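Enquirer: See upload_20.cif below, with mmCIF, C-alpha atoms and all ligand atoms.
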data_model
loop_
_atom_site.label_atom_id
_atom_site.label_comp_id
_atom_site.auth_asym_id
_atom_site.auth_seq_id
_atom_site.Cartn_x
_atom_site.Cartn_y
_atom_site.Cartn_z
CA MET A 1 -269.49 98.07 -30.08
CA LEU A 2 -269.98 94.32 -30.30
CA ASN A 3 -267.04 94.14 -32.69
CA LEU A 4 -264.93 96.00 -30.23
CA GLN A 5 -265.78 93.63 -27.36
CA THR A 6 -264.81 90.57 -29.43
CA LEU A 7 -261.64 92.32 -30.47
CA PHE A 8 -260.71 92.95 -26.82
CA LYS A 9 -261.42 89.33 -25.96
CA LYS A 10 -259.31 88.14 -28.87
CA ILE A 11 -256.42 90.38 -27.86
CA LYS A 12 -256.52 89.05 -24.31
CA ILE A 13 -256.56 85.45 -25.56
CA ASP A 14 -253.69 86.13 -27.99
CA ILE A 15 -251.63 87.61 -25.18
CA LYS A 16 -252.25 84.62 -22.95
CA LYS A 17 -251.44 82.17 -25.74
CA SER A 18 -248.13 83.73 -26.67
CA THR A 19 -245.18 81.63 -25.55
CA THR A 20 -242.23 83.86 -26.26
CA ILE A 21 -241.31 87.52 -25.73
CA GLU A 22 -240.93 87.93 -29.50
CA GLU A 23 -244.45 86.66 -30.09
CA LEU A 24 -245.75 89.00 -27.41
CA ASN A 25 -243.98 91.94 -29.06
CA LYS A 26 -245.60 91.10 -32.36
CA ILE A 27 -249.02 91.13 -30.70
CA ARG A 28 -248.30 94.52 -29.14
CA VAL A 29 -247.31 95.99 -32.49
CA GLN A 30 -250.23 94.32 -34.23
CA TYR A 31 -252.80 95.96 -31.93
CA LEU A 32 -251.18 98.97 -30.28
CA GLY A 33 -248.51 99.94 -32.80
CA LYS A 34 -248.77 103.05 -35.00
CA LYS A 35 -250.51 101.03 -37.66
CA GLY A 36 -252.14 98.73 -35.15
CA ILE A 37 -255.77 97.71 -35.20
CA LEU A 38 -256.70 99.44 -31.94
CA THR A 39 -254.91 102.60 -33.02
CA ALA A 40 -256.95 102.56 -36.21
CA TYR A 41 -260.09 102.36 -34.11
CA ILE A 42 -259.02 105.39 -32.09
CA LYS A 43 -258.23 107.33 -35.22
CA ASN A 44 -261.61 106.42 -36.59
CA LEU A 45 -263.36 108.01 -33.60
CA LYS A 46 -263.24 111.43 -35.14
CA THR A 47 -266.01 110.45 -37.55
CA PHE A 48 -268.28 109.80 -34.56
CA SER A 49 -270.68 112.19 -32.85
CA PHE A 50 -269.43 114.00 -29.75
CA LEU A 51 -271.30 111.77 -27.31
CA GLU A 52 -270.32 108.53 -29.04
CA LYS A 53 -266.78 109.78 -29.25
CA ARG A 54 -266.67 110.34 -25.51
CA GLN A 55 -268.27 107.02 -24.67
CA TYR A 56 -265.98 105.02 -26.96
CA SER A 57 -262.79 106.79 -26.15
CA ILE A 58 -263.30 106.19 -22.43
CA LEU A 59 -263.94 102.51 -23.08
CA ILE A 60 -261.13 102.09 -25.56
CA ASN A 61 -258.60 103.86 -23.37
CA LYS A 62 -259.61 101.76 -20.38
CA LYS A 63 -259.29 98.59 -22.41
CA LYS A 64 -256.06 99.79 -23.92
CA GLN A 65 -254.60 100.26 -20.46
CA GLU A 66 -255.81 96.77 -19.52
CA ILE A 67 -254.12 95.33 -22.57
CA ILE A 68 -250.88 97.15 -21.76
CA ASP A 69 -251.04 95.76 -18.22
CA ASP A 70 -251.78 92.27 -19.53
CA ILE A 71 -248.85 92.44 -21.90
CA GLN A 72 -246.56 93.57 -19.11
CA LYS A 73 -247.74 90.86 -16.78
CA HIS A 74 -247.40 88.16 -19.40
CA SER A 75 -243.98 89.46 -20.36
CA LYS A 76 -242.85 89.14 -16.75
CA TYR A 77 -244.26 85.65 -16.63
CA LEU A 78 -242.48 84.62 -19.85
CA THR A 79 -239.18 86.09 -18.64
CA MET A 80 -239.48 84.09 -15.44
CA LEU A 81 -240.22 80.89 -17.39
CA MET A 82 -237.16 81.48 -19.59
CA LEU A 83 -235.00 82.06 -16.56
CA GLU A 84 -236.21 78.91 -14.89
CA LYS A 85 -235.50 76.95 -18.05
CA ARG A 86 -231.99 78.39 -18.27
CA ILE A 87 -231.28 77.64 -14.63
CA LYS A 88 -232.36 74.07 -15.18
CA GLN A 89 -230.20 73.74 -18.27
CA GLU A 90 -227.14 75.27 -16.71
CA LYS A 91 -227.44 73.48 -13.43
CA ILE A 92 -224.16 72.05 -12.13
CA ASP A 93 -224.23 68.85 -10.17
CA ILE A 94 -221.85 69.68 -7.38
CA SER A 95 -222.17 66.18 -5.97
CA LEU A 96 -220.11 64.81 -8.89
CA PRO A 97 -216.44 64.27 -8.01
CA GLY A 98 -214.20 66.80 -9.79
CA ARG A 99 -211.98 65.92 -12.68
CA ARG A 100 -208.54 65.14 -11.35
CA TYR A 101 -205.49 65.45 -13.45
CA ASP A 102 -202.57 63.23 -12.86
CA ASN A 103 -199.39 64.95 -11.81
CA GLY A 104 -196.18 63.75 -13.36
CA SER A 105 -193.29 62.85 -11.12
CA PHE A 106 -189.60 62.16 -11.35
CA HIS A 107 -188.39 58.78 -12.55
CA PRO A 108 -186.77 56.91 -9.63
CA ILE A 109 -183.40 57.14 -11.39
CA THR A 110 -183.71 60.91 -11.84
CA LYS A 111 -184.76 61.21 -8.23
CA THR A 112 -181.76 59.16 -7.11
CA ILE A 113 -179.39 61.32 -9.17
CA TYR A 114 -180.89 64.50 -7.65
CA ASP A 115 -180.51 63.10 -4.13
CA ILE A 116 -176.88 62.19 -4.73
CA GLU A 117 -176.19 65.60 -6.26
CA THR A 118 -177.74 67.27 -3.20
CA PHE A 119 -175.30 65.48 -0.92
CA PHE A 120 -172.25 66.44 -2.97
CA PHE A 121 -173.41 70.04 -3.41
CA LYS A 122 -173.19 70.32 0.37
CA LEU A 123 -169.52 69.36 0.13
CA GLY A 124 -168.90 72.07 -2.45
CA PHE A 125 -169.01 69.93 -5.59
CA GLU A 126 -170.25 71.21 -8.92
CA SER A 127 -172.28 68.94 -11.20
CA ILE A 128 -171.62 68.72 -14.94
CA TYR A 129 -173.32 66.63 -17.64
CA GLY A 130 -171.00 65.60 -20.47
CA PRO A 131 -171.31 64.04 -23.94
CA GLU A 132 -172.55 60.47 -24.38
CA ILE A 133 -170.92 60.11 -27.77
CA GLU A 134 -167.24 59.97 -27.02
CA ASP A 135 -163.94 59.15 -28.69
CA GLU A 136 -161.52 56.39 -27.88
CA TYR A 137 -159.03 58.81 -26.35
CA HIS A 138 -161.32 60.18 -23.60
CA ASN A 139 -163.11 56.92 -22.89
CA PHE A 140 -160.03 54.67 -22.85
CA ASP A 141 -156.55 55.87 -23.87
CA ALA A 142 -156.23 58.91 -21.60
CA LEU A 143 -157.60 56.84 -18.72
CA ASN A 144 -154.59 54.57 -18.92
CA ILE A 145 -156.49 51.90 -20.87
CA PRO A 146 -154.45 51.52 -24.07
CA LYS A 147 -155.53 49.35 -27.01
CA ASN A 148 -155.33 45.63 -26.25
CA HIS A 149 -155.53 46.33 -22.52
CA PRO A 150 -157.60 43.51 -20.99
CA ALA A 151 -159.78 46.05 -19.13
CA ARG A 152 -161.34 46.99 -22.45
CA ASN A 153 -162.88 43.55 -22.74
CA SER A 154 -164.97 44.12 -19.65
CA HIS A 155 -166.64 47.05 -21.40
CA ASP A 156 -168.81 45.64 -24.15
CA THR A 157 -168.55 48.77 -26.19
CA PHE A 158 -170.95 50.10 -28.81
CA TRP A 159 -168.68 51.50 -31.51
CA PHE A 160 -169.83 53.89 -34.24
CA ASP A 161 -166.59 53.53 -36.16
CA THR A 162 -162.93 52.89 -35.31
CA ASN A 163 -162.79 55.98 -33.10
CA ARG A 164 -166.23 57.04 -31.90
CA LEU A 165 -168.33 55.12 -29.40
CA LEU A 166 -171.11 55.43 -26.83
CA ARG A 167 -169.21 56.11 -23.63
CA THR A 168 -168.92 53.04 -21.42
CA GLN A 169 -168.23 55.06 -18.27
CA THR A 170 -168.54 58.60 -16.96
CA SER A 171 -164.79 58.53 -16.23
CA ASN A 172 -164.35 60.19 -19.65
CA MET A 173 -165.33 63.40 -17.88
CA GLN A 174 -162.28 63.22 -15.62
CA ILE A 175 -160.11 63.78 -18.67
CA ARG A 176 -162.31 66.47 -20.18
CA ILE A 177 -162.51 68.53 -16.99
CA MET A 178 -158.86 68.17 -15.93
CA LYS A 179 -157.81 69.41 -19.37
CA GLU A 180 -160.01 72.47 -18.99
CA GLU A 181 -159.81 73.48 -15.35
CA LYS A 182 -156.96 74.26 -13.01
CA PRO A 183 -156.75 72.57 -9.59
CA PRO A 184 -158.14 72.69 -6.99
CA MET A 185 -161.34 71.13 -8.36
CA ARG A 186 -164.29 69.20 -7.09
CA PHE A 187 -166.80 67.85 -9.58
CA ILE A 188 -169.45 65.22 -10.06
CA PHE A 189 -170.52 64.05 -13.50
CA PRO A 190 -173.87 62.26 -13.64
CA GLY A 191 -175.05 60.71 -16.87
CA LYS A 192 -175.90 57.81 -19.11
CA VAL A 193 -173.38 55.14 -20.06
CA TYR A 194 -173.70 52.24 -22.48
CA ARG A 195 -172.55 48.62 -22.55
CA ASN A 196 -173.81 45.74 -24.62
CA ASP A 197 -175.14 43.65 -21.77
CA TYR A 198 -178.64 42.61 -20.75
CA ASP A 199 -179.90 40.57 -17.79
CA MET A 200 -181.39 40.95 -14.27
CA THR A 201 -178.56 43.26 -13.19
CA HIS A 202 -177.48 44.81 -16.51
CA THR A 203 -179.15 47.01 -19.11
CA PRO A 204 -177.41 48.34 -22.23
CA MET A 205 -177.96 51.88 -20.96
CA PHE A 206 -177.50 52.75 -17.31
CA HIS A 207 -176.38 55.68 -15.19
CA GLN A 208 -173.24 56.55 -13.32
CA ILE A 209 -172.14 59.49 -11.25
CA GLU A 210 -168.45 60.12 -11.48
CA GLY A 211 -166.73 62.15 -8.79
CA LEU A 212 -163.36 63.86 -8.90
CA ILE A 213 -161.30 65.87 -6.44
CA VAL A 214 -157.95 67.34 -7.42
CA ASP A 215 -156.05 69.29 -4.80
CA ARG A 216 -152.86 69.32 -2.77
CA LYS A 217 -152.62 66.53 -0.19
CA ILE A 218 -155.68 64.56 -1.20
CA THR A 219 -155.36 61.09 0.32
CA PHE A 220 -157.20 57.82 0.30
CA SER A 221 -158.57 58.58 3.78
CA ASN A 222 -160.23 61.74 2.44
CA LEU A 223 -161.90 59.57 -0.17
CA LYS A 224 -162.94 56.96 2.35
CA TRP A 225 -164.39 59.52 4.77
CA MET A 226 -166.44 61.04 1.99
CA ILE A 227 -167.76 57.71 0.69
CA TYR A 228 -168.78 56.58 4.18
CA ASN A 229 -170.61 59.83 4.84
CA PHE A 230 -172.27 59.73 1.49
CA LEU A 231 -173.53 56.17 1.94
CA TYR A 232 -174.82 56.77 5.48
CA ASP A 233 -176.57 59.88 4.21
CA PHE A 234 -178.18 57.97 1.36
CA PHE A 235 -179.13 54.71 3.07
CA GLY A 236 -179.26 55.67 6.73
CA ASP A 237 -177.22 53.93 9.41
CA LYS A 238 -178.80 50.49 8.95
CA VAL A 239 -176.28 49.88 6.21
CA SER A 240 -172.98 48.00 6.26
CA ILE A 241 -170.19 49.19 4.01
CA ARG A 242 -167.30 47.10 2.73
CA PHE A 243 -164.24 48.52 0.98
CA ARG A 244 -162.75 45.73 -1.12
CA PRO A 245 -159.33 46.12 -2.83
CA SER A 246 -159.80 46.12 -6.59
CA TYR A 247 -158.22 47.14 -9.84
CA PHE A 248 -158.99 49.96 -12.27
CA PRO A 249 -156.39 51.13 -14.79
CA PHE A 250 -156.96 54.80 -13.97
CA THR A 251 -156.67 54.58 -10.16
CA VAL A 252 -154.06 53.27 -7.79
CA PRO A 253 -154.79 52.04 -5.22
CA SER A 254 -158.33 51.09 -6.23
CA ALA A 255 -161.27 49.81 -4.27
CA GLU A 256 -164.79 48.65 -4.84
CA VAL A 257 -167.49 49.32 -2.31
CA ASP A 258 -170.16 46.75 -1.49
CA ILE A 259 -173.19 47.42 0.56
CA PHE A 260 -175.36 45.23 2.76
CA ILE A 261 -178.59 46.36 4.24
CA LYS A 262 -178.95 44.67 7.63
CA ASP A 263 -181.86 42.21 7.97
CA ASP A 264 -182.52 42.42 4.28
CA PHE A 265 -183.04 39.58 1.85
CA ILE A 266 -181.00 41.26 -0.85
CA LYS A 267 -177.42 40.02 -1.06
CA PRO A 268 -174.51 42.47 -1.01
CA LEU A 269 -174.27 44.59 -4.12
CA GLU A 270 -171.28 46.38 -5.55
CA ILE A 271 -172.28 50.00 -5.90
CA LEU A 272 -169.19 52.00 -6.69
CA GLY A 273 -165.56 51.92 -7.68
CA CYS A 274 -163.03 54.41 -6.43
CA GLY A 275 -159.37 55.14 -5.91
CA MET A 276 -156.52 57.59 -6.17
CA VAL A 277 -156.16 58.88 -9.74
CA HIS A 278 -153.22 57.14 -11.44
CA PRO A 279 -150.10 59.32 -12.03
CA ASN A 280 -150.24 58.35 -15.71
CA VAL A 281 -153.71 59.90 -15.99
CA LEU A 282 -152.54 63.11 -14.31
CA LYS A 283 -149.61 63.18 -16.70
CA ASN A 284 -152.00 62.82 -19.67
CA VAL A 285 -153.81 65.98 -18.61
CA ASN A 286 -150.68 67.92 -17.64
CA ILE A 287 -151.24 67.99 -13.91
CA ASN A 288 -148.08 67.77 -11.87
CA SER A 289 -148.51 64.74 -9.65
CA SER A 290 -145.68 65.81 -7.35
CA ILE A 291 -147.79 68.86 -6.35
CA TYR A 292 -151.32 67.60 -6.74
CA SER A 293 -153.08 64.37 -5.98
CA ALA A 294 -156.57 63.35 -6.97
CA CYS A 295 -159.20 60.87 -5.92
CA ALA A 296 -162.11 59.65 -7.97
CA PHE A 297 -165.17 57.49 -7.68
CA GLY A 298 -167.86 56.12 -9.97
CA ILE A 299 -171.29 55.35 -8.52
CA GLY A 300 -173.75 52.97 -10.19
CA VAL A 301 -177.02 54.86 -9.93
CA GLU A 302 -179.32 51.92 -10.70
CA ARG A 303 -177.63 49.83 -8.03
CA MET A 304 -178.18 52.56 -5.47
CA ALA A 305 -181.84 52.89 -6.44
CA MET A 306 -182.32 49.10 -6.42
CA LEU A 307 -181.01 48.86 -2.88
CA ARG A 308 -182.95 51.82 -1.65
CA TYR A 309 -186.27 50.72 -3.14
CA LYS A 310 -185.67 46.95 -2.89
CA ILE A 311 -185.90 46.34 -6.63
CA THR A 312 -184.51 43.01 -7.81
CA ASP A 313 -184.63 43.39 -11.59
CA ILE A 314 -182.84 46.42 -13.06
CA ARG A 315 -184.88 46.16 -16.24
CA SER A 316 -188.02 47.34 -14.46
CA PHE A 317 -186.59 50.89 -14.47
CA PHE A 318 -186.78 51.06 -18.23
CA GLU A 319 -189.88 49.09 -19.13
CA ASN A 320 -192.06 52.17 -18.58
CA ASP A 321 -194.74 50.18 -16.79
CA ILE A 322 -196.90 52.87 -15.23
CA ARG A 323 -197.79 50.58 -12.29
CA PHE A 324 -194.10 50.36 -11.44
CA LEU A 325 -193.44 54.08 -11.90
CA ASN A 326 -196.50 55.15 -9.88
CA GLN A 327 -194.97 53.60 -6.79
CA PHE A 328 -192.35 56.35 -6.70
CA LYS A 329 -194.78 59.22 -6.93
CA TYR A 330 -194.38 60.54 -3.45
CA ASN A 331 -190.90 59.36 -2.63
N1 LIG B 1 -165.50 53.79 -14.48
C1 LIG B 1 -165.59 52.63 -13.64
C2 LIG B 1 -166.55 51.64 -14.22
O1 LIG B 1 -167.36 52.02 -15.01
C3 LIG B 1 -166.01 52.99 -12.25
C4 LIG B 1 -164.94 53.75 -11.51
C5 LIG B 1 -163.99 53.08 -10.76
C6 LIG B 1 -164.87 55.12 -11.59
C7 LIG B 1 -163.04 53.74 -10.07
C8 LIG B 1 -163.87 55.81 -10.91
C9 LIG B 1 -162.96 55.08 -10.15
O2 LIG B 1 -163.78 57.13 -10.93
O3 LIG B 1 -162.01 55.76 -9.46
O4 LIG B 1 -166.52 50.50 -13.88
#
For the file at hand, write its structure as structure tokens.
Ligand code: DAH

Expert:
Amino acid sequence: MLNLQTLFKKIKIDIKKSTTIEELNKIRVQYLGKKGILTAYIKNLKTFSFLEKRQYSILINKKKQEIIDDIQKHSKYLTMLMLEKRIKQEKIDISLPGRRYDNGSFHPITKTIYDIETFFFKLGFESIYGPEIEDEYHNFDALNIPKNHPARNSHDTFWFDTNRLLRTQTSNMQIRIMKEEKPPMRFIFPGKVYRNDYDMTHTPMFHQIEGLIVDRKITFSNLKWMIYNFLYDFFGDKVSIRFRPSYFPFTVPSAEVDIFIKDDFIKPLEILGCGMVHPNVLKNVNINSSIYSACAFGIGVERMAMLRYKITDIRSFFENDIRFLNQFKYN
């Protein structure tokens, strides 16, 4: 009897002391399991007299129930502790600012090209990107710039060999497209061009957008109307436009267009060349110049972007300084 009382006390203490569910389970098996100590006691009762048997079994069963209740209670308590611990561990501090990721954005030159394309799409132009590695014929000869022509000197050309070069102008595309398509046609050709030149207003690689219309009765006034509308669309009406007579071997007559932004500190900049496609060029691509006429223009994309964003050094476009590029994020 005394033994039994100490055993009950010990069980209760063990239960209280257990700190995990696993430990608690072990205790349950140790005392109440099939081969448990308490079970052994109960089995042993049969050797007792009837009266003793009754007295002990009542006591043992009562205590057994108490132990079961204790185990259950403690198990609940341990589960709650575990839960609390987990909640603490997994707590999220919602007062911390979230992680932002930086969105990329278009380079100002790309953006400028897209804007220019958008304008010409409205006039029914199609946009085509051509090869940057070109041959002498498409870059010079077919454009009425034969060998030893002084105009070649103004293009500081990067040659690969005696024939192949990095194109110095997008005008090469005039030849390529007129050889392939039948008039009427209306195209723009954006892309990279290369000249060996480097200072505040020149980089060895820069961008042009060539434009070409071939149709019956195309005149210089068509060209002029289009250029005016394009420039007002791009810069707004605070801009002054000057058509200045000029010379290009592949157009006649030829003009250059300068632009001034009123009340601005930037001096006038030449932004495009244009003209009526030279009859020699049309002849080179087998277009009958007594039926068709053509006008063309070549826009300097960097110049346009410089004027629009008030940039004074062209080189800043290509230095990849993130502080410079970030300024165009939402433009
Ligand atoms: N290709 C010329 C240049 O790079 C620009 C140009 C002038 C293009 C007149 C044209 C044009 O289409 O008609 O300087």

Enquirer: For the atom pair atom CA of Gln169 of chain A and atom CA of Gln208 of chain A, what is the interatomic distance in Å to one decimal place?

Expert: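 Interatomic distance, atom CA of Gln169 of chain A to atom CA of Gln208 of chain A: 7.2 Å.
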
Enquirer: Hey, can you check how far atom CA of Phe250 of chain A sits from atom CA of Lys182 of chain A?

Expert: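 Computed distance, atom CA of Phe250 of chain A to atom CA of Lys182 of chain A, equals 19.5 Å.
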
Enquirer: Could you please extract the residues within 7 Å of ligand LIG 1 (chain B), counting all atoms listed in the file, and hand them back as a ChimeraX atom specification?

Expert: /A:168-171,210-211,248,250-251,254,272-277,295-299

Enquirer: How would the residues just picked look written out with C-alpha atoms as a CSV table (one decimal), in the frame of the given file?

Expert:
chain,number,residue,atom,x,y,z
A,168,THR,CA,-168.9,53.0,-21.4
A,169,GLN,CA,-168.2,55.1,-18.3
A,170,THR,CA,-168.5,58.6,-17.0
A,171,SER,CA,-164.8,58.5,-16.2
A,210,GLU,CA,-168.4,60.1,-11.5
A,211,GLY,CA,-166.7,62.2,-8.8
A,248,PHE,CA,-159.0,50.0,-12.3
A,250,PHE,CA,-157.0,54.8,-14.0
A,251,THR,CA,-156.7,54.6,-10.2
A,254,SER,CA,-158.3,51.1,-6.2
A,272,LEU,CA,-169.2,52.0,-6.7
A,273,GLY,CA,-165.6,51.9,-7.7
A,274,CYS,CA,-163.0,54.4,-6.4
A,275,GLY,CA,-159.4,55.1,-5.9
A,276,MET,CA,-156.5,57.6,-6.2
A,277,VAL,CA,-156.2,58.9,-9.7
A,295,CYS,CA,-159.2,60.9,-5.9
A,296,ALA,CA,-162.1,59.6,-8.0
A,297,PHE,CA,-165.2,57.5,-7.7
A,298,GLY,CA,-167.9,56.1,-10.0
A,299,ILE,CA,-171.3,55.4,-8.5

Enquirer: Which value, in Å to one decimal, gives the distance between atom CA of Arg28 of chain A and atom CA of Arg86 of chain A?

Expert: 25.4 Å

Enquirer: Set the distance at 12 Å and use only C-alpha atoms: which residues neighbour Lys16 of chain A once local chain neighbours fewer than 4 positions away are removed? I'd like the list as a PDB file with C-alpha atoms, in the frame of the given file.

Expert:
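What ended up in part-v5.pdb:
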ATOM      1  CA  LYS A   9    -261.420  89.330 -25.960  1.00  0.00           C
ATOM      2  CA  LYS A  10    -259.310  88.140 -28.870  1.00  0.00           C
ATOM      3  CA  ILE A  11    -256.420  90.380 -27.860  1.00  0.00           C
ATOM      4  CA  LYS A  12    -256.520  89.050 -24.310  1.00  0.00           C
ATOM      5  CA  THR A  20    -242.230  83.860 -26.260  1.00  0.00           C
ATOM      6  CA  ILE A  21    -241.310  87.520 -25.730  1.00  0.00           C
ATOM      7  CA  GLU A  23    -244.450  86.660 -30.090  1.00  0.00           C
ATOM      8  CA  LEU A  24    -245.750  89.000 -27.410  1.00  0.00           C
ATOM      9  CA  ILE A  27    -249.020  91.130 -30.700  1.00  0.00           C
ATOM     10  CA  ILE A  67    -254.120  95.330 -22.570  1.00  0.00           C
ATOM     11  CA  ASP A  70    -251.780  92.270 -19.530  1.00  0.00           C
ATOM     12  CA  ILE A  71    -248.850  92.440 -21.900  1.00  0.00           C
ATOM     13  CA  GLN A  72    -246.560  93.570 -19.110  1.00  0.00           C
ATOM     14  CA  LYS A  73    -247.740  90.860 -16.780  1.00  0.00           C
ATOM     15  CA  HIS A  74    -247.400  88.160 -19.400  1.00  0.00           C
ATOM     16  CA  SER A  75    -243.980  89.460 -20.360  1.00  0.00           C
ATOM     17  CA  TYR A  77    -244.260  85.650 -16.630  1.00  0.00           C
ATOM     18  CA  LEU A  78    -242.480  84.620 -19.850  1.00  0.00           C
TER      19      LEU A  78
END

Enquirer: Mind listing whatever residues come within 12 Å of the point (-162.8, 65.2, -2.4)? Use only C-alpha atoms, file coordinates, and give them as number ranges by chain.

Expert: A: 120-126, 183-188, 210-227, 229-230, 274-277, 293-297

Enquirer: Could you please give me, as a JSON list (two decimals) with C-alpha atoms, keeping the file's coordinate frame, the residues of protein, DNA or RNA lying at most 12 Å from (-182.7, 43.4, -6.1) in the coordinate frame of the file, considering only C-alpha atoms?

Expert:
[["chain", "number", "residue", "atom", "x", "y", "z"],
["A", 200, "MET", "CA", -181.39, 40.95, -14.27],
["A", 201, "THR", "CA", -178.56, 43.26, -13.19],
["A", 202, "HIS", "CA", -177.48, 44.81, -16.51],
["A", 260, "PHE", "CA", -175.36, 45.23, 2.76],
["A", 261, "ILE", "CA", -178.59, 46.36, 4.24],
["A", 264, "ASP", "CA", -182.52, 42.42, 4.28],
["A", 265, "PHE", "CA", -183.04, 39.58, 1.85],
["A", 266, "ILE", "CA", -181.00, 41.26, -0.85],
["A", 267, "LYS", "CA", -177.42, 40.02, -1.06],
["A", 268, "PRO", "CA", -174.51, 42.47, -1.01],
["A", 269, "LEU", "CA", -174.27, 44.59, -4.12],
["A", 270, "GLU", "CA", -171.28, 46.38, -5.55],
["A", 302, "GLU", "CA", -179.32, 51.92, -10.70],
["A", 303, "ARG", "CA", -177.63, 49.83, -8.03],
["A", 304, "MET", "CA", -178.18, 52.56, -5.47],
["A", 305, "ALA", "CA", -181.84, 52.89, -6.44],
["A", 306, "MET", "CA", -182.32, 49.10, -6.42],
["A", 307, "LEU", "CA", -181.01, 48.86, -2.88],
["A", 308, "ARG", "CA", -182.95, 51.82, -1.65],
["A", 309, "TYR", "CA", -186.27, 50.72, -3.14],
["A", 310, "LYS", "CA", -185.67, 46.95, -2.89],
["A", 311, "ILE", "CA", -185.90, 46.34, -6.63],
["A", 312, "THR", "CA", -184.51, 43.01, -7.81],
["A", 313, "ASP", "CA", -184.63, 43.39, -11.59],
["A", 314, "ILE", "CA", -182.84, 46.42, -13.06],
["A", 315, "ARG", "CA", -184.88, 46.16, -16.24],
["A", 316, "SER", "CA", -188.02, 47.34, -14.46],
["A", 317, "PHE", "CA", -186.59, 50.89, -14.47]]

Enquirer: Any idea what's packed within 10 Å of Tyr31 of chain A, counting all atoms listed in the file, ignoring anything in its chain fewer than 2 positions away? Could you give it as a list of chain:residue names?

Expert: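 Answer for this query is A:Leu7, A:Phe8, A:Ile11, A:Lys26, A:Ile27, A:Arg28, A:Val29, A:Gly33, A:Lys34, A:Lys35, A:Gly36, A:Ile37, A:Leu38, A:Thr39, A:Ala40, A:Tyr41, A:Lys64, A:Ile67.
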
Enquirer: Taking all atoms listed in the file into account, which of A:His207, A:Lys238, A:Lys17, A:Lys43 comes nearest Thr112 of chain A?

Expert: A:His207

Enquirer: Using all atoms listed in the file, which protein or nucleic acid residues come within 7 Å of Pro249 of chain A? Drop anything in the same chain fewer than 2 positions from it, and give the result as a PDB file with C-alpha atoms, keeping the file's coordinate frame.

Expert:
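Writing done, so here's result.pdb:
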ATOM      1  CA  ASN A 144    -154.590  54.570 -18.920  1.00  0.00           C
ATOM      2  CA  ILE A 145    -156.490  51.900 -20.870  1.00  0.00           C
ATOM      3  CA  TYR A 247    -158.220  47.140  -9.840  1.00  0.00           C
ATOM      4  CA  THR A 251    -156.670  54.580 -10.160  1.00  0.00           C
TER       5      THR A 251
END
